[in-house]
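Colleague: To be precise about what I am sending: the file is called final_20.txt and holds compact mmCIF, N, CA and C atoms.
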# COMPACT_ATOMS: atom_id res chain seq x y z
N GLY A 1 -7.15 -11.65 54.93
CA GLY A 1 -5.75 -11.31 55.12
C GLY A 1 -5.57 -9.90 55.61
N TYR A 2 -4.38 -9.63 56.06
CA TYR A 2 -4.08 -8.28 56.56
C TYR A 2 -3.78 -7.36 55.40
N SER A 3 -4.37 -6.21 55.43
CA SER A 3 -4.04 -5.19 54.44
C SER A 3 -3.80 -3.88 55.16
N ALA A 4 -3.03 -3.03 54.52
CA ALA A 4 -2.66 -1.75 55.14
C ALA A 4 -3.83 -0.78 55.05
N PRO A 5 -3.92 0.13 55.99
CA PRO A 5 -4.97 1.16 55.90
C PRO A 5 -4.73 2.05 54.69
N PRO A 6 -5.77 2.72 54.21
CA PRO A 6 -5.59 3.64 53.08
C PRO A 6 -4.70 4.80 53.51
N PRO A 7 -4.09 5.49 52.55
CA PRO A 7 -3.23 6.64 52.90
C PRO A 7 -4.07 7.72 53.60
N ASN A 8 -3.51 8.33 54.63
CA ASN A 8 -4.29 9.34 55.35
C ASN A 8 -4.05 10.76 54.80
N HIS A 9 -3.08 10.91 53.91
CA HIS A 9 -2.83 12.20 53.25
C HIS A 9 -2.53 13.32 54.25
N LEU A 10 -2.03 12.94 55.44
CA LEU A 10 -1.82 13.95 56.48
C LEU A 10 -0.77 14.97 56.07
N ALA A 11 0.30 14.52 55.43
CA ALA A 11 1.36 15.46 55.02
C ALA A 11 0.81 16.51 54.04
N TRP A 12 0.01 16.05 53.08
CA TRP A 12 -0.61 16.99 52.14
C TRP A 12 -1.55 17.94 52.87
N ALA A 13 -2.31 17.39 53.81
CA ALA A 13 -3.27 18.21 54.55
C ALA A 13 -2.56 19.32 55.30
N ILE A 14 -1.46 18.97 55.98
CA ILE A 14 -0.71 19.96 56.74
C ILE A 14 -0.07 20.99 55.80
N ALA A 15 0.53 20.51 54.69
CA ALA A 15 1.19 21.41 53.76
C ALA A 15 0.20 22.41 53.16
N THR A 16 -0.98 21.93 52.74
CA THR A 16 -1.94 22.84 52.12
C THR A 16 -2.53 23.80 53.16
N THR A 17 -2.61 23.35 54.41
CA THR A 17 -3.11 24.25 55.46
C THR A 17 -2.14 25.40 55.67
N ILE A 18 -0.84 25.08 55.73
CA ILE A 18 0.17 26.10 55.98
C ILE A 18 0.34 27.00 54.76
N LEU A 19 0.40 26.39 53.57
CA LEU A 19 0.78 27.14 52.38
C LEU A 19 -0.39 27.78 51.66
N CYS A 20 -1.59 27.21 51.80
CA CYS A 20 -2.68 27.63 50.92
C CYS A 20 -3.87 28.19 51.69
N CYS A 21 -4.76 27.31 52.04
CA CYS A 21 -6.06 27.75 52.55
C CYS A 21 -6.30 27.12 53.90
N LEU A 22 -6.26 27.92 54.96
CA LEU A 22 -6.36 27.40 56.31
C LEU A 22 -7.66 26.64 56.58
N PRO A 23 -8.86 27.19 56.28
CA PRO A 23 -10.09 26.46 56.65
C PRO A 23 -10.22 25.10 55.97
N ALA A 24 -10.00 25.04 54.66
CA ALA A 24 -10.13 23.76 53.95
C ALA A 24 -9.03 22.80 54.38
N GLY A 25 -7.85 23.33 54.67
CA GLY A 25 -6.75 22.48 55.13
C GLY A 25 -7.05 21.84 56.46
N ILE A 26 -7.69 22.59 57.35
CA ILE A 26 -8.04 22.05 58.66
C ILE A 26 -9.06 20.91 58.51
N VAL A 27 -10.03 21.09 57.62
CA VAL A 27 -10.99 20.01 57.35
C VAL A 27 -10.24 18.77 56.88
N SER A 28 -9.26 18.98 56.00
CA SER A 28 -8.45 17.87 55.48
C SER A 28 -7.71 17.16 56.61
N ILE A 29 -7.14 17.92 57.53
CA ILE A 29 -6.40 17.34 58.65
C ILE A 29 -7.34 16.51 59.53
N VAL A 30 -8.54 17.02 59.77
CA VAL A 30 -9.51 16.29 60.60
C VAL A 30 -9.81 14.93 59.97
N TYR A 31 -10.06 14.91 58.65
CA TYR A 31 -10.32 13.64 57.98
C TYR A 31 -9.09 12.74 58.00
N ALA A 32 -7.93 13.32 57.77
CA ALA A 32 -6.69 12.54 57.76
C ALA A 32 -6.48 11.86 59.12
N ALA A 33 -6.80 12.58 60.18
CA ALA A 33 -6.62 12.04 61.53
C ALA A 33 -7.57 10.88 61.80
N GLN A 34 -8.69 10.80 61.08
CA GLN A 34 -9.68 9.74 61.31
C GLN A 34 -9.32 8.43 60.64
N VAL A 35 -8.45 8.48 59.61
CA VAL A 35 -8.21 7.29 58.77
C VAL A 35 -7.72 6.11 59.61
N ASN A 36 -6.62 6.31 60.34
CA ASN A 36 -6.02 5.17 61.04
C ASN A 36 -6.89 4.67 62.19
N SER A 37 -7.55 5.58 62.90
CA SER A 37 -8.38 5.14 64.01
C SER A 37 -9.59 4.34 63.52
N LYS A 38 -10.20 4.79 62.42
CA LYS A 38 -11.31 4.03 61.84
C LYS A 38 -10.83 2.66 61.37
N TRP A 39 -9.65 2.62 60.75
CA TRP A 39 -9.12 1.35 60.24
C TRP A 39 -8.88 0.39 61.40
N MET A 40 -8.26 0.88 62.48
CA MET A 40 -7.93 0.03 63.62
C MET A 40 -9.20 -0.51 64.30
N SER A 41 -10.28 0.28 64.26
CA SER A 41 -11.52 -0.16 64.90
C SER A 41 -12.34 -1.07 63.98
N GLY A 42 -11.81 -1.36 62.79
CA GLY A 42 -12.49 -2.27 61.88
C GLY A 42 -13.42 -1.60 60.89
N ASP A 43 -13.51 -0.28 60.94
CA ASP A 43 -14.37 0.46 60.01
C ASP A 43 -13.58 0.77 58.75
N HIS A 44 -13.38 -0.26 57.91
CA HIS A 44 -12.54 -0.09 56.73
C HIS A 44 -13.19 0.84 55.70
N ALA A 45 -14.50 0.73 55.54
CA ALA A 45 -15.19 1.63 54.61
C ALA A 45 -15.07 3.07 55.08
N GLY A 46 -15.24 3.28 56.38
CA GLY A 46 -15.09 4.63 56.93
C GLY A 46 -13.68 5.17 56.77
N ALA A 47 -12.69 4.28 56.91
CA ALA A 47 -11.30 4.70 56.73
C ALA A 47 -11.06 5.15 55.29
N HIS A 48 -11.62 4.40 54.34
CA HIS A 48 -11.46 4.79 52.93
C HIS A 48 -12.18 6.11 52.64
N ARG A 49 -13.37 6.29 53.23
CA ARG A 49 -14.10 7.56 53.05
C ARG A 49 -13.29 8.71 53.62
N ALA A 50 -12.75 8.53 54.82
CA ALA A 50 -11.96 9.59 55.45
C ALA A 50 -10.72 9.89 54.62
N SER A 51 -10.09 8.85 54.07
CA SER A 51 -8.92 9.04 53.21
C SER A 51 -9.28 9.87 51.98
N ASN A 52 -10.38 9.50 51.33
CA ASN A 52 -10.81 10.23 50.13
C ASN A 52 -11.17 11.68 50.47
N ASN A 53 -11.86 11.87 51.61
CA ASN A 53 -12.21 13.22 52.02
C ASN A 53 -10.97 14.04 52.33
N ALA A 54 -9.98 13.44 52.99
CA ALA A 54 -8.74 14.16 53.30
C ALA A 54 -8.07 14.61 52.01
N LYS A 55 -8.02 13.72 51.01
CA LYS A 55 -7.39 14.07 49.74
C LYS A 55 -8.19 15.17 49.04
N THR A 56 -9.51 15.02 49.02
CA THR A 56 -10.35 16.01 48.35
C THR A 56 -10.15 17.39 48.96
N TRP A 57 -10.18 17.48 50.30
CA TRP A 57 -10.06 18.78 50.96
C TRP A 57 -8.66 19.36 50.84
N ALA A 58 -7.63 18.50 50.77
CA ALA A 58 -6.28 19.00 50.52
C ALA A 58 -6.20 19.63 49.14
N ILE A 59 -6.85 18.99 48.15
CA ILE A 59 -6.88 19.54 46.79
C ILE A 59 -7.66 20.85 46.77
N VAL A 60 -8.82 20.87 47.43
CA VAL A 60 -9.62 22.10 47.51
C VAL A 60 -8.78 23.23 48.12
N SER A 61 -8.08 22.92 49.20
CA SER A 61 -7.24 23.91 49.87
C SER A 61 -6.17 24.44 48.93
N ALA A 62 -5.52 23.54 48.19
CA ALA A 62 -4.46 23.95 47.26
C ALA A 62 -5.02 24.83 46.15
N VAL A 63 -6.17 24.42 45.58
CA VAL A 63 -6.78 25.18 44.49
C VAL A 63 -7.19 26.57 44.97
N VAL A 64 -7.85 26.63 46.13
CA VAL A 64 -8.26 27.92 46.68
C VAL A 64 -7.04 28.79 46.94
N GLY A 65 -5.98 28.18 47.47
CA GLY A 65 -4.74 28.93 47.74
C GLY A 65 -4.16 29.52 46.47
N VAL A 66 -4.16 28.75 45.38
CA VAL A 66 -3.64 29.24 44.10
C VAL A 66 -4.51 30.37 43.57
N ILE A 67 -5.83 30.20 43.63
CA ILE A 67 -6.75 31.22 43.12
C ILE A 67 -6.56 32.52 43.90
N VAL A 68 -6.51 32.41 45.22
CA VAL A 68 -6.33 33.61 46.05
C VAL A 68 -4.97 34.25 45.73
N GLY A 69 -3.95 33.42 45.55
CA GLY A 69 -2.62 33.95 45.21
C GLY A 69 -2.63 34.71 43.89
N VAL A 70 -3.33 34.16 42.89
CA VAL A 70 -3.41 34.80 41.58
C VAL A 70 -4.16 36.13 41.69
N ILE A 71 -5.30 36.11 42.40
CA ILE A 71 -6.08 37.34 42.59
C ILE A 71 -5.24 38.38 43.31
N TYR A 72 -4.56 37.97 44.37
CA TYR A 72 -3.71 38.89 45.13
C TYR A 72 -2.63 39.49 44.23
N PHE A 73 -2.03 38.65 43.38
CA PHE A 73 -0.99 39.11 42.47
C PHE A 73 -1.53 40.18 41.53
N PHE A 74 -2.70 39.94 40.93
CA PHE A 74 -3.26 40.90 39.99
C PHE A 74 -3.70 42.18 40.69
N VAL A 75 -4.23 42.07 41.89
CA VAL A 75 -4.59 43.26 42.66
C VAL A 75 -3.34 44.07 42.97
N ALA A 76 -2.28 43.38 43.38
CA ALA A 76 -1.03 44.06 43.71
C ALA A 76 -0.46 44.75 42.45
N MET A 77 -0.52 44.09 41.32
CA MET A 77 -0.02 44.66 40.06
C MET A 77 -0.85 45.87 39.68
N ALA A 78 -2.17 45.78 39.81
CA ALA A 78 -3.04 46.89 39.46
C ALA A 78 -2.79 48.09 40.34
N ASN A 79 -2.57 47.84 41.64
CA ASN A 79 -2.35 48.94 42.58
C ASN A 79 -0.97 49.57 42.40
N SER A 80 0.01 48.80 41.95
CA SER A 80 1.36 49.33 41.80
C SER A 80 1.47 50.18 40.55
N GLY A 81 0.50 50.07 39.65
CA GLY A 81 0.55 50.81 38.39
C GLY A 81 0.12 52.27 38.52
N THR A 82 -0.35 52.65 39.68
CA THR A 82 -0.87 54.02 39.83
C THR A 82 0.25 55.01 40.07
Since I need it in another form, could you write the structure as structure tokens?
Modeller:
Amino acid sequence: GYSAPPPNHLAWAIATTILCCLPAGIVSIVYAAQVNSKWMSGDHAGAHRASNNAKTWAIVSAVVGVIVGVIYFFVAMANSGT
């Protein structure tokens, strides 16, 4: 039967690229872009792998973005105290 392709997580990939961590976000976008094309060509396992990778890298991007933001905040606070 017909089933829908896995989610490509493209919106998350783009959001985390803009808001958080550019390099990891770009990796996420690359994987997200592969999901539908792999699915259409019949590579359903590859589409699921690309979907999972897109989600993983979007999460990595978000986490790195938060960590960098926290570090930046504490550095800014430390420097403003002088």
Colleague: Write out as a count of residues only the set of residues from chain A that DSSP, computed on the backbone, places in helix (DSSP H, G or I).
Modeller: 66
Colleague: So which residues touch A:Ile59 within 12 Å, counting only C-alpha atoms, skipping near sequence neighbours fewer than 4 positions away, as a list in words?
Modeller: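 Once the nearby chain positions are removed, what remains is His9, Trp12, Ala13, Ile14, Ala15, Thr16, Thr17, Cys20, Cys21, Ala24, Gly25, Val27, Ser28, Asn52, Asn53, Ala54, Lys55, Val63, Val64, Gly65 and Val66 of chain A.
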Colleague: Can you pull out the residues contacting A:Asn36? Cut-off 6.5 Å, using all atoms listed in the file, and skip same-chain residues under 4 positions away; I want them as a ChimeraX atom specification.
Modeller: /A:8,32,40-41,47
Colleague: When you draw a straight line from atom N of A:Pro23 to atom CA of A:Leu10, how long is it in Å?
Modeller: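 Calculated distance between atom N of A:Pro23 and atom CA of A:Leu10 is 15.0 Å.
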Colleague: By how many Å are atom N of A:Tyr72 and atom CA of A:Trp57 apart?
Modeller: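 So the answer is 21.0 Å.
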Colleague: Taking into account all atoms listed in the file, which residue in the set A:Leu22, A:Ser61, A:Pro5, A:Ala76 is nearest to A:Val35?
Modeller: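 Comparing A:Leu22, A:Ser61, A:Pro5, A:Ala76 against A:Val35, the winner is A:Pro5.
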Colleague: Go ahead and compute the interatomic distance for atom CA of A:His44 and atom C of A:Val30, in Å to one decimal.
Modeller: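 Computing it gives 15.6 Å between the two atoms.
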Colleague: So, with only N, CA and C atoms as the atoms that count, which of A:Val70, A:Ala45, A:Ala62, A:Ala4 lies closest to A:Leu19?
Modeller: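 Smallest distance to A:Leu19 is found for A:Ala62.
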